[in-house]
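Pasting input-v6.pdb here (PDB, C-alpha atoms):
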ATOM      1  CA  MET W  25       4.493 167.674 -87.352  1.00  0.00           C
ATOM      2  CA  GLU W  26       1.535 168.456 -85.131  1.00  0.00           C
ATOM      3  CA  ASN W  27      -1.678 166.544 -85.843  1.00  0.00           C
ATOM      4  CA  ILE W  28      -4.558 169.008 -85.570  1.00  0.00           C
ATOM      5  CA  LYS W  29      -8.049 167.545 -85.449  1.00  0.00           C
ATOM      6  CA  LYS W  30     -10.387 169.265 -87.890  1.00  0.00           C
ATOM      7  CA  THR W  31     -13.898 170.150 -86.790  1.00  0.00           C
ATOM      8  CA  LYS W  32     -16.302 167.703 -88.442  1.00  0.00           C
ATOM      9  CA  VAL W  33     -19.343 169.358 -90.008  1.00  0.00           C
ATOM     10  CA  GLY W  34     -22.359 167.498 -91.341  1.00  0.00           C
ATOM     11  CA  VAL W  35     -24.611 169.395 -93.751  1.00  0.00           C
ATOM     12  CA  ILE W  36     -28.208 168.414 -94.366  1.00  0.00           C
ATOM     13  CA  THR W  37     -29.705 169.830 -97.531  1.00  0.00           C
ATOM     14  CA  PHE W  38     -31.519 168.854-100.741  1.00  0.00           C
ATOM     15  CA  HIS W  39     -28.422 167.662-102.619  1.00  0.00           C
ATOM     16  CA  ARG W  40     -30.323 164.672-104.092  1.00  0.00           C
ATOM     17  CA  ALA W  41     -33.046 166.789-105.696  1.00  0.00           C
ATOM     18  CA  LEU W  42     -33.142 166.709-109.493  1.00  0.00           C
ATOM     19  CA  ASN W  43     -32.606 170.443-109.562  1.00  0.00           C
ATOM     20  CA  TYR W  44     -29.381 172.156-110.616  1.00  0.00           C
ATOM     21  CA  GLY W  45     -29.670 174.929-108.029  1.00  0.00           C
ATOM     22  CA  ALA W  46     -30.257 172.516-105.160  1.00  0.00           C
ATOM     23  CA  VAL W  47     -27.312 170.320-106.090  1.00  0.00           C
ATOM     24  CA  LEU W  48     -24.948 173.229-106.745  1.00  0.00           C
ATOM     25  CA  GLN W  49     -25.750 175.009-103.482  1.00  0.00           C
ATOM     26  CA  GLY W  50     -24.958 171.839-101.531  1.00  0.00           C
ATOM     27  CA  TYR W  51     -21.685 171.439-103.389  1.00  0.00           C
ATOM     28  CA  ALA W  52     -20.823 175.133-102.907  1.00  0.00           C
ATOM     29  CA  LEU W  53     -21.500 175.084 -99.169  1.00  0.00           C
ATOM     30  CA  GLN W  54     -19.434 171.961 -98.699  1.00  0.00           C
ATOM     31  CA  THR W  55     -16.586 173.404-100.784  1.00  0.00           C
ATOM     32  CA  PHE W  56     -16.660 176.638 -98.761  1.00  0.00           C
ATOM     33  CA  LEU W  57     -16.576 174.784 -95.440  1.00  0.00           C
ATOM     34  CA  THR W  58     -13.680 172.636 -96.613  1.00  0.00           C
ATOM     35  CA  LYS W  59     -11.719 175.715 -97.734  1.00  0.00           C
ATOM     36  CA  GLN W  60     -12.334 177.222 -94.284  1.00  0.00           C
ATOM     37  CA  GLY W  61     -10.551 174.241 -92.738  1.00  0.00           C
ATOM     38  CA  PHE W  62     -13.502 172.094 -91.690  1.00  0.00           C
ATOM     39  CA  ALA W  63     -13.893 168.401 -92.477  1.00  0.00           C
ATOM     40  CA  SER W  64     -17.284 168.739 -94.136  1.00  0.00           C
ATOM     41  CA  GLU W  65     -19.649 166.123 -95.417  1.00  0.00           C
ATOM     42  CA  LEU W  66     -23.096 166.220 -96.987  1.00  0.00           C
ATOM     43  CA  ILE W  67     -25.349 163.950 -94.971  1.00  0.00           C
ATOM     44  CA  ASP W  68     -26.703 161.653 -97.655  1.00  0.00           C
ATOM     45  CA  TYR W  69     -30.214 161.585 -96.227  1.00  0.00           C
ATOM     46  CA  LEU W  70     -32.706 160.298 -98.757  1.00  0.00           C
ATOM     47  CA  PRO W  71     -36.082 159.829 -97.073  1.00  0.00           C
ATOM     48  CA  THR W  72     -38.982 158.048 -98.727  1.00  0.00           C
ATOM     49  CA  SER W  73     -40.456 161.352 -99.930  1.00  0.00           C
ATOM     50  CA  PHE W  74     -37.329 162.080-102.025  1.00  0.00           C
ATOM     51  CA  ARG W  75     -37.007 158.525-103.271  1.00  0.00           C
ATOM     52  CA  ASN W  76     -40.599 158.721-104.490  1.00  0.00           C
ATOM     53  CA  GLU W  77     -39.899 161.999-106.330  1.00  0.00           C
ATOM     54  CA  ARG W  78     -37.122 160.267-108.274  1.00  0.00           C
ATOM     55  CA  ARG W  79     -39.552 157.672-109.541  1.00  0.00           C
ATOM     56  CA  LEU W  80     -40.975 158.478-112.926  1.00  0.00           C
ATOM     57  CA  LEU W  81     -43.422 155.611-113.112  1.00  0.00           C
ATOM     58  CA  ASN W  82     -46.290 157.379-111.370  1.00  0.00           C
ATOM     59  CA  PHE W  83     -49.241 157.357-113.719  1.00  0.00           C
ATOM     60  CA  SER W  84     -53.004 157.418-113.365  1.00  0.00           C
ATOM     61  CA  SER W  85     -54.250 156.982-116.929  1.00  0.00           C
ATOM     62  CA  LEU W  86     -53.270 155.477-120.245  1.00  0.00           C
ATOM     63  CA  SER W  87     -52.174 158.884-121.584  1.00  0.00           C
ATOM     64  CA  SER W  88     -49.943 159.507-118.555  1.00  0.00           C
ATOM     65  CA  LEU W  89     -48.434 156.037-119.021  1.00  0.00           C
ATOM     66  CA  ALA W  90     -47.621 156.862-122.659  1.00  0.00           C
ATOM     67  CA  ARG W  91     -46.103 160.221-121.632  1.00  0.00           C
ATOM     68  CA  THR W  92     -44.045 158.497-118.931  1.00  0.00           C
ATOM     69  CA  LEU W  93     -42.675 155.891-121.318  1.00  0.00           C
ATOM     70  CA  TYR W  94     -41.772 158.602-123.832  1.00  0.00           C
ATOM     71  CA  LYS W  95     -39.866 160.657-121.235  1.00  0.00           C
ATOM     72  CA  TYR W  96     -38.224 157.725-119.470  1.00  0.00           C
ATOM     73  CA  PRO W  97     -34.879 157.564-121.386  1.00  0.00           C
ATOM     74  CA  ARG W  98     -34.191 161.300-120.917  1.00  0.00           C
ATOM     75  CA  TYR W  99     -35.234 161.140-117.287  1.00  0.00           C
ATOM     76  CA  LYS W 100     -32.873 158.237-116.536  1.00  0.00           C
ATOM     77  CA  GLN W 101     -30.062 160.118-118.287  1.00  0.00           C
ATOM     78  CA  LYS W 102     -30.773 163.185-116.142  1.00  0.00           C
ATOM     79  CA  ILE W 103     -30.589 161.090-112.968  1.00  0.00           C
ATOM     80  CA  ARG W 104     -27.260 159.601-114.094  1.00  0.00           C
ATOM     81  CA  ARG W 105     -25.832 163.099-114.744  1.00  0.00           C
ATOM     82  CA  PHE W 106     -26.872 164.317-111.297  1.00  0.00           C
ATOM     83  CA  ASP W 107     -25.512 161.195-109.612  1.00  0.00           C
ATOM     84  CA  ARG W 108     -22.224 161.549-111.522  1.00  0.00           C
ATOM     85  CA  PHE W 109     -21.877 165.160-110.326  1.00  0.00           C
ATOM     86  CA  LEU W 110     -22.578 164.109-106.737  1.00  0.00           C
ATOM     87  CA  LYS W 111     -19.457 161.957-106.865  1.00  0.00           C
ATOM     88  CA  LYS W 112     -17.543 165.264-106.584  1.00  0.00           C
ATOM     89  CA  CYS W 113     -19.118 165.782-103.171  1.00  0.00           C
ATOM     90  CA  ASN W 114     -17.993 164.278 -99.913  1.00  0.00           C
ATOM     91  CA  LEU W 115     -21.102 162.285 -98.976  1.00  0.00           C
ATOM     92  CA  SER W 116     -21.830 160.409 -95.788  1.00  0.00           C
ATOM     93  CA  ASP W 117     -23.062 156.857 -95.871  1.00  0.00           C
ATOM     94  CA  SER W 118     -26.570 156.714 -97.285  1.00  0.00           C
ATOM     95  CA  ILE W 119     -29.289 157.241 -94.674  1.00  0.00           C
ATOM     96  CA  SER W 120     -32.909 156.546 -95.535  1.00  0.00           C
ATOM     97  CA  GLN W 121     -34.494 156.337 -92.095  1.00  0.00           C
ATOM     98  CA  TYR W 122     -35.011 159.378 -89.890  1.00  0.00           C
ATOM     99  CA  LYS W 123     -34.365 157.271 -86.775  1.00  0.00           C
ATOM    100  CA  ASP W 124     -30.791 156.596 -87.947  1.00  0.00           C
ATOM    101  CA  LEU W 125     -29.882 160.290 -88.041  1.00  0.00           C
ATOM    102  CA  LYS W 126     -29.569 160.673 -84.260  1.00  0.00           C
ATOM    103  CA  VAL W 127     -27.004 157.891 -83.991  1.00  0.00           C
ATOM    104  CA  TYR W 128     -25.165 158.957 -87.154  1.00  0.00           C
ATOM    105  CA  SER W 129     -25.019 162.622 -86.092  1.00  0.00           C
ATOM    106  CA  LYS W 130     -22.747 161.796 -83.160  1.00  0.00           C
ATOM    107  CA  LYS W 131     -19.778 161.640 -85.543  1.00  0.00           C
ATOM    108  CA  TYR W 132     -20.062 165.398 -86.211  1.00  0.00           C
ATOM    109  CA  ASP W 133     -18.943 168.321 -84.076  1.00  0.00           C
ATOM    110  CA  LEU W 134     -21.392 170.667 -85.831  1.00  0.00           C
ATOM    111  CA  LEU W 135     -24.500 170.202 -87.965  1.00  0.00           C
ATOM    112  CA  VAL W 136     -25.693 172.692 -90.568  1.00  0.00           C
ATOM    113  CA  SER W 137     -29.120 172.891 -92.147  1.00  0.00           C
ATOM    114  CA  GLY W 138     -29.022 174.736 -95.444  1.00  0.00           C
ATOM    115  CA  SER W 139     -28.730 176.364 -97.723  1.00  0.00           C
ATOM    116  CA  ASP W 140     -31.772 176.461 -99.997  1.00  0.00           C
ATOM    117  CA  GLN W 141     -35.411 175.991 -99.054  1.00  0.00           C
ATOM    118  CA  VAL W 142     -34.725 173.331 -96.428  1.00  0.00           C
ATOM    119  CA  TRP W 143     -37.415 174.865 -94.194  1.00  0.00           C
ATOM    120  CA  ASN W 144     -40.068 174.916 -96.910  1.00  0.00           C
ATOM    121  CA  ARG W 145     -42.714 172.366 -95.891  1.00  0.00           C
ATOM    122  CA  GLN W 146     -43.661 171.837 -99.530  1.00  0.00           C
ATOM    123  CA  TRP W 147     -40.170 170.440-100.177  1.00  0.00           C
ATOM    124  CA  ASN W 148     -39.206 168.938 -96.830  1.00  0.00           C
ATOM    125  CA  HIS W 149     -42.611 167.296 -96.289  1.00  0.00           C
ATOM    126  CA  SER W 150     -42.533 168.487 -92.647  1.00  0.00           C
ATOM    127  CA  ASP W 151     -39.554 166.211 -91.991  1.00  0.00           C
ATOM    128  CA  GLY W 152     -37.936 167.308 -88.741  1.00  0.00           C
ATOM    129  CA  ALA W 153     -34.520 166.253 -90.023  1.00  0.00           C
ATOM    130  CA  TYR W 154     -34.171 169.524 -91.941  1.00  0.00           C
ATOM    131  CA  TYR W 155     -34.680 171.398 -88.650  1.00  0.00           C
ATOM    132  CA  LEU W 156     -32.003 169.181 -87.061  1.00  0.00           C
ATOM    133  CA  ASP W 157     -34.493 168.046 -84.420  1.00  0.00           C
ATOM    134  CA  PHE W 158     -32.486 164.825 -84.031  1.00  0.00           C
ATOM    135  CA  ALA W 159     -29.324 166.689 -82.993  1.00  0.00           C
ATOM    136  CA  ASP W 160     -27.790 167.815 -79.723  1.00  0.00           C
ATOM    137  CA  LEU W 161     -28.624 171.469 -79.137  1.00  0.00           C
ATOM    138  CA  SER W 162     -24.980 172.552 -79.031  1.00  0.00           C
ATOM    139  CA  LYS W 163     -24.393 171.384 -82.625  1.00  0.00           C
ATOM    140  CA  LYS W 164     -27.259 173.072 -84.507  1.00  0.00           C
ATOM    141  CA  TYR W 165     -26.596 175.824 -87.068  1.00  0.00           C
ATOM    142  CA  SER W 166     -28.340 177.042 -90.188  1.00  0.00           C
ATOM    143  CA  TYR W 167     -26.784 178.631 -93.232  1.00  0.00           C
ATOM    144  CA  ALA W 168     -28.919 180.591 -95.712  1.00  0.00           C
ATOM    145  CA  ALA W 169     -31.925 178.433 -94.872  1.00  0.00           C
ATOM    146  CA  SER W 170     -35.232 179.483 -96.360  1.00  0.00           C
ATOM    147  CA  PRO W 171     -38.843 178.736 -95.461  1.00  0.00           C
ATOM    148  CA  GLY W 172     -39.622 179.491 -99.113  1.00  0.00           C
ATOM    149  CA  LYS W 173     -42.403 181.959 -98.520  1.00  0.00           C
ATOM    150  CA  SER W 174     -43.266 184.976 -96.442  1.00  0.00           C
ATOM    151  CA  ASP W 175     -47.011 184.652 -95.906  1.00  0.00           C
ATOM    152  CA  PHE W 176     -47.355 182.420 -92.859  1.00  0.00           C
ATOM    153  CA  ASP W 177     -50.515 181.998 -90.876  1.00  0.00           C
ATOM    154  CA  GLN W 178     -50.194 182.140 -87.098  1.00  0.00           C
ATOM    155  CA  PHE W 179     -49.958 178.345 -86.748  1.00  0.00           C
ATOM    156  CA  GLU W 180     -47.156 178.027 -89.337  1.00  0.00           C
ATOM    157  CA  SER W 181     -45.271 180.962 -87.868  1.00  0.00           C
ATOM    158  CA  LYS W 182     -45.354 179.489 -84.351  1.00  0.00           C
ATOM    159  CA  ARG W 183     -44.447 176.032 -85.639  1.00  0.00           C
ATOM    160  CA  LEU W 184     -41.355 177.328 -87.464  1.00  0.00           C
ATOM    161  CA  ALA W 185     -40.318 179.422 -84.470  1.00  0.00           C
ATOM    162  CA  ASP W 186     -40.609 176.378 -82.192  1.00  0.00           C
ATOM    163  CA  LEU W 187     -38.576 174.216 -84.569  1.00  0.00           C
ATOM    164  CA  ILE W 188     -35.664 176.620 -84.878  1.00  0.00           C
ATOM    165  CA  LYS W 189     -35.484 178.131 -81.396  1.00  0.00           C
ATOM    166  CA  SER W 190     -32.911 175.537 -80.348  1.00  0.00           C
ATOM    167  CA  PHE W 191     -30.377 176.511 -83.042  1.00  0.00           C
ATOM    168  CA  ARG W 192     -27.095 177.991 -81.799  1.00  0.00           C
ATOM    169  CA  ARG W 193     -26.833 180.317 -84.802  1.00  0.00           C
ATOM    170  CA  ILE W 194     -29.264 181.045 -87.610  1.00  0.00           C
ATOM    171  CA  SER W 195     -28.582 182.526 -91.016  1.00  0.00           C
ATOM    172  CA  ILE W 196     -31.615 183.097 -93.241  1.00  0.00           C
ATOM    173  CA  ARG W 197     -31.577 183.520 -97.018  1.00  0.00           C
ATOM    174  CA  GLU W 198     -34.151 186.278 -97.450  1.00  0.00           C
ATOM    175  CA  LYS W 199     -35.397 189.250 -95.450  1.00  0.00           C
ATOM    176  CA  SER W 200     -38.949 187.909 -95.153  1.00  0.00           C
ATOM    177  CA  GLY W 201     -37.592 184.835 -93.371  1.00  0.00           C
ATOM    178  CA  SER W 202     -35.498 187.006 -91.092  1.00  0.00           C
ATOM    179  CA  ASP W 203     -38.526 189.145 -90.239  1.00  0.00           C
ATOM    180  CA  LEU W 204     -40.534 186.033 -89.432  1.00  0.00           C
ATOM    181  CA  ILE W 205     -37.892 184.655 -87.096  1.00  0.00           C
ATOM    182  CA  SER W 206     -37.207 187.902 -85.278  1.00  0.00           C
ATOM    183  CA  SER W 207     -40.912 188.480 -84.560  1.00  0.00           C
TER     184      SER W 207
END

Mind turning the file's structure into structure tokens?
Amino acid sequence: MENIKKTKVGVITFHRALNYGAVLQGYALQTFLTKQGFASELIDYLPTSFRNERRLLNFSSLSSLARTLYKYPRYKQKIRRFDRFLKKCNLSDSISQYKDLKVYSKKYDLLVSGSDQVWNRQWNHSDGAYYLDFADLSKKYSYAASPGKSDFDQFESKRLADLIKSFRRISIREKSGSDLISS
């Protein structure tokens, strides 16, 4: 029997967000890629900004402390449910430092950014990882990526265009994003 090497695809997305849509889209994209014959993996990138969002114990007053303590058991249960679902995904080793992505990315033949609002600065905290700026140019693809809005000032528009001009192929989720990129 002939041993055919599968193309290895690494997907960077918001699969660790505590949001059903974000988690499901990551799972769906990975499932689709696997069914298409690729060896796909969600890059388990969890930068400080996402780790901080998973912390509930951010409080500035006595009333916010009381509210936090009241919500804590349900919040921990929610995190456990999301983490249990993620066990259905094929995840890479955990990566928390941006600098480690360049070395780690060498194991993939292709890298995909998407889907979801991976290009929305409000959610990605201007982290270049979601624009695959650590990757070799020949590996960079996007799938249904979204900048999350359509009203960009000239600076934001140029910045996004500069960040994605090195992608081999780009697929955008909504028309406003497509219009922005083609202009």

Exercise: residues within 12 Å of coordinate (-32.4, 166.2, -109.4), counting all atoms listed in the file, as a ChimeraX atom specification
/W:38-48,74-75,77-79,99-110

Kindly save the residues from that selection, with C-alpha atoms included, as an mmCIF file, keeping the file's coordinate frame.
data_model
loop_
_atom_site.group_PDB
_atom_site.id
_atom_site.type_symbol
_atom_site.label_atom_id
_atom_site.label_comp_id
_atom_site.auth_asym_id
_atom_site.auth_seq_id
_atom_site.Cartn_x
_atom_site.Cartn_y
_atom_site.Cartn_z
ATOM 1 C CA PHE W 38 -31.519 168.854 -100.741
ATOM 2 C CA HIS W 39 -28.422 167.662 -102.619
ATOM 3 C CA ARG W 40 -30.323 164.672 -104.092
ATOM 4 C CA ALA W 41 -33.046 166.789 -105.696
ATOM 5 C CA LEU W 42 -33.142 166.709 -109.493
ATOM 6 C CA ASN W 43 -32.606 170.443 -109.562
ATOM 7 C CA TYR W 44 -29.381 172.156 -110.616
ATOM 8 C CA GLY W 45 -29.670 174.929 -108.029
ATOM 9 C CA ALA W 46 -30.257 172.516 -105.160
ATOM 10 C CA VAL W 47 -27.312 170.320 -106.090
ATOM 11 C CA LEU W 48 -24.948 173.229 -106.745
ATOM 12 C CA PHE W 74 -37.329 162.080 -102.025
ATOM 13 C CA ARG W 75 -37.007 158.525 -103.271
ATOM 14 C CA GLU W 77 -39.899 161.999 -106.330
ATOM 15 C CA ARG W 78 -37.122 160.267 -108.274
ATOM 16 C CA ARG W 79 -39.552 157.672 -109.541
ATOM 17 C CA TYR W 99 -35.234 161.140 -117.287
ATOM 18 C CA LYS W 100 -32.873 158.237 -116.536
ATOM 19 C CA GLN W 101 -30.062 160.118 -118.287
ATOM 20 C CA LYS W 102 -30.773 163.185 -116.142
ATOM 21 C CA ILE W 103 -30.589 161.090 -112.968
ATOM 22 C CA ARG W 104 -27.260 159.601 -114.094
ATOM 23 C CA ARG W 105 -25.832 163.099 -114.744
ATOM 24 C CA PHE W 106 -26.872 164.317 -111.297
ATOM 25 C CA ASP W 107 -25.512 161.195 -109.612
ATOM 26 C CA ARG W 108 -22.224 161.549 -111.522
ATOM 27 C CA PHE W 109 -21.877 165.160 -110.326
ATOM 28 C CA LEU W 110 -22.578 164.109 -106.737
#

Selection result for the PyMOL selection byres ((chain W and resi 183) around 12) on this file, as number ranges by chain
W: 143, 145, 150, 152, 155, 171, 176-182, 184-189, 204-205

Polymer residues at most 12 Å from (-31.3, 167.6, -93.4) by only C-alpha atoms, as number ranges by chain
W: 34-40, 50, 65-71, 74, 119-122, 125-126, 129, 135-144, 147-159, 164-167, 169

Need the axis-aligned box for range 97-116 of chain W with 3 Å each side, so what are the centre and edges in Å to one decimal, as JSON?
{"center_x": -26.4, "center_y": 161.7, "center_z": -108.6, "size_x": 23.7, "size_y": 14.2, "size_z": 31.6}

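The interatomic distance for the pair CA of Gly172 in chain W and CA of Gln146 in chain W works out to 8.7 Å.
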
Restricting the calculation to only C-alpha atoms, which member of W:Asp160, W:Asp175, W:Glu198, W:Asp117 is positioned closest to Asp133 in chain W?
W:Asp160

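When all atoms listed in the file are used to measure the gap to Tyr132 in chain W, the shortest distance among W:Ser162, W:Ser190, W:Ser170, W:Ser88 belongs to W:Ser162.
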
Range 98-144 of chain W near range 54-58 of chain W within 10 Å: what's each residue's closest atom pair and its distance in Å to one decimal, counting all atoms listed in the file, ordered by chain then ascending residue number, as JSON lines?
{"residue": "W:Cys113", "atom": "CA", "partner": "W:Gln54", "partner_atom": "CA", "distance": 7.6}
{"residue": "W:Asn114", "atom": "CA", "partner": "W:Gln54", "partner_atom": "CA", "distance": 7.9}
{"residue": "W:Leu115", "atom": "CA", "partner": "W:Gln54", "partner_atom": "CA", "distance": 9.8}

Quote the spacing between CA of Leu93 in chain W and CA of Ser118 in chain W in Å to one decimal place.
28.9 Å

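In this model, the gap between CA of Lys30 in chain W and CA of Arg192 in chain W comes to 19.8 Å.
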
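Residue nearest Phe191 in chain W within the list W:Val127, W:Leu53, W:Leu161, W:Ala168: W:Leu161 [criterion: smallest interatomic distance, only C-alpha atoms].
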
Repair of range 139-167 of chain W at the level of N, CA and C atoms, as an mmCIF file, in the coordinates of the input:
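Generated file (selection-v3.cif):
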data_model
loop_
_atom_site.group_PDB
_atom_site.id
_atom_site.type_symbol
_atom_site.label_atom_id
_atom_site.label_comp_id
_atom_site.auth_asym_id
_atom_site.auth_seq_id
_atom_site.Cartn_x
_atom_site.Cartn_y
_atom_site.Cartn_z
ATOM 1 N N SER W 139 -27.860 175.211 -97.477
ATOM 2 C CA SER W 139 -28.730 176.364 -97.723
ATOM 3 C C SER W 139 -29.940 175.886 -98.516
ATOM 4 N N ASP W 140 -30.609 176.796 -99.182
ATOM 5 C CA ASP W 140 -31.772 176.461 -99.997
ATOM 6 C C ASP W 140 -33.037 176.462 -99.143
ATOM 7 N N GLN W 141 -34.103 175.955 -99.711
ATOM 8 C CA GLN W 141 -35.411 175.991 -99.054
ATOM 9 C C GLN W 141 -35.620 174.772 -98.148
ATOM 10 N N VAL W 142 -34.645 174.496 -97.308
ATOM 11 C CA VAL W 142 -34.725 173.331 -96.428
ATOM 12 C C VAL W 142 -35.847 173.454 -95.401
ATOM 13 N N TRP W 143 -36.319 174.675 -95.151
ATOM 14 C CA TRP W 143 -37.415 174.865 -94.194
ATOM 15 C C TRP W 143 -38.751 175.101 -94.888
ATOM 16 N N ASN W 144 -38.817 174.807 -96.150
ATOM 17 C CA ASN W 144 -40.068 174.916 -96.910
ATOM 18 C C ASN W 144 -40.808 173.584 -96.781
ATOM 19 N N ARG W 145 -41.971 173.612 -96.139
ATOM 20 C CA ARG W 145 -42.714 172.366 -95.891
ATOM 21 C C ARG W 145 -43.143 171.680 -97.182
ATOM 22 N N GLN W 146 -43.301 172.451 -98.248
ATOM 23 C CA GLN W 146 -43.661 171.837 -99.530
ATOM 24 C C GLN W 146 -42.551 170.894 -99.996
ATOM 25 N N TRP W 147 -41.297 171.251 -99.718
ATOM 26 C CA TRP W 147 -40.170 170.440 -100.177
ATOM 27 C C TRP W 147 -39.674 169.461 -99.128
ATOM 28 N N ASN W 148 -39.733 169.848 -97.856
ATOM 29 C CA ASN W 148 -39.206 168.938 -96.830
ATOM 30 C C ASN W 148 -40.272 168.005 -96.258
ATOM 31 N N HIS W 149 -41.503 168.171 -96.701
ATOM 32 C CA HIS W 149 -42.611 167.296 -96.289
ATOM 33 C C HIS W 149 -42.727 167.222 -94.763
ATOM 34 N N SER W 150 -42.462 168.368 -94.117
ATOM 35 C CA SER W 150 -42.533 168.487 -92.647
ATOM 36 C C SER W 150 -41.610 167.497 -91.932
ATOM 37 N N ASP W 151 -40.534 167.129 -92.572
ATOM 38 C CA ASP W 151 -39.554 166.211 -91.991
ATOM 39 C C ASP W 151 -38.667 166.995 -91.023
ATOM 40 N N GLY W 152 -38.707 166.618 -89.765
ATOM 41 C CA GLY W 152 -37.936 167.308 -88.741
ATOM 42 C C GLY W 152 -36.433 167.258 -88.938
ATOM 43 N N ALA W 153 -35.960 166.365 -89.788
ATOM 44 C CA ALA W 153 -34.520 166.253 -90.023
ATOM 45 C C ALA W 153 -33.934 167.562 -90.535
ATOM 46 N N TYR W 154 -34.688 168.289 -91.354
ATOM 47 C CA TYR W 154 -34.171 169.524 -91.941
ATOM 48 C C TYR W 154 -34.137 170.672 -90.933
ATOM 49 N N TYR W 155 -34.759 170.455 -89.762
ATOM 50 C CA TYR W 155 -34.680 171.398 -88.650
ATOM 51 C C TYR W 155 -33.706 170.877 -87.590
ATOM 52 N N LEU W 156 -32.996 169.810 -87.936
ATOM 53 C CA LEU W 156 -32.003 169.181 -87.061
ATOM 54 C C LEU W 156 -32.599 168.786 -85.713
ATOM 55 N N ASP W 157 -33.861 168.381 -85.696
ATOM 56 C CA ASP W 157 -34.493 168.046 -84.420
ATOM 57 C C ASP W 157 -33.976 166.737 -83.828
ATOM 58 N N PHE W 158 -33.119 166.049 -84.526
ATOM 59 C CA PHE W 158 -32.486 164.825 -84.031
ATOM 60 C C PHE W 158 -31.164 165.110 -83.324
ATOM 61 N N ALA W 159 -30.694 166.357 -83.402
ATOM 62 C CA ALA W 159 -29.324 166.689 -82.993
ATOM 63 C C ALA W 159 -29.253 167.278 -81.588
ATOM 64 N N ASP W 160 -28.066 167.137 -80.985
ATOM 65 C CA ASP W 160 -27.790 167.815 -79.723
ATOM 66 C C ASP W 160 -27.873 169.317 -79.956
ATOM 67 N N LEU W 161 -28.402 170.031 -78.981
ATOM 68 C CA LEU W 161 -28.624 171.469 -79.137
ATOM 69 C C LEU W 161 -27.343 172.236 -79.431
ATOM 70 N N SER W 162 -26.233 171.810 -78.869
ATOM 71 C CA SER W 162 -24.980 172.552 -79.031
ATOM 72 C C SER W 162 -24.407 172.472 -80.441
ATOM 73 N N LYS W 163 -24.952 171.605 -81.292
ATOM 74 C CA LYS W 163 -24.393 171.384 -82.625
ATOM 75 C C LYS W 163 -25.168 172.064 -83.743
ATOM 76 N N LYS W 164 -26.306 172.671 -83.464
ATOM 77 C CA LYS W 164 -27.259 173.072 -84.507
ATOM 78 C C LYS W 164 -27.023 174.490 -85.050
ATOM 79 N N TYR W 165 -26.801 174.554 -86.371
ATOM 80 C CA TYR W 165 -26.596 175.824 -87.068
ATOM 81 C C TYR W 165 -27.398 175.793 -88.367
ATOM 82 N N SER W 166 -27.753 176.976 -88.845
ATOM 83 C CA SER W 166 -28.340 177.042 -90.188
ATOM 84 C C SER W 166 -27.504 177.995 -91.023
ATOM 85 N N TYR W 167 -27.481 177.741 -92.312
ATOM 86 C CA TYR W 167 -26.784 178.631 -93.232
ATOM 87 C C TYR W 167 -27.690 178.900 -94.420
#
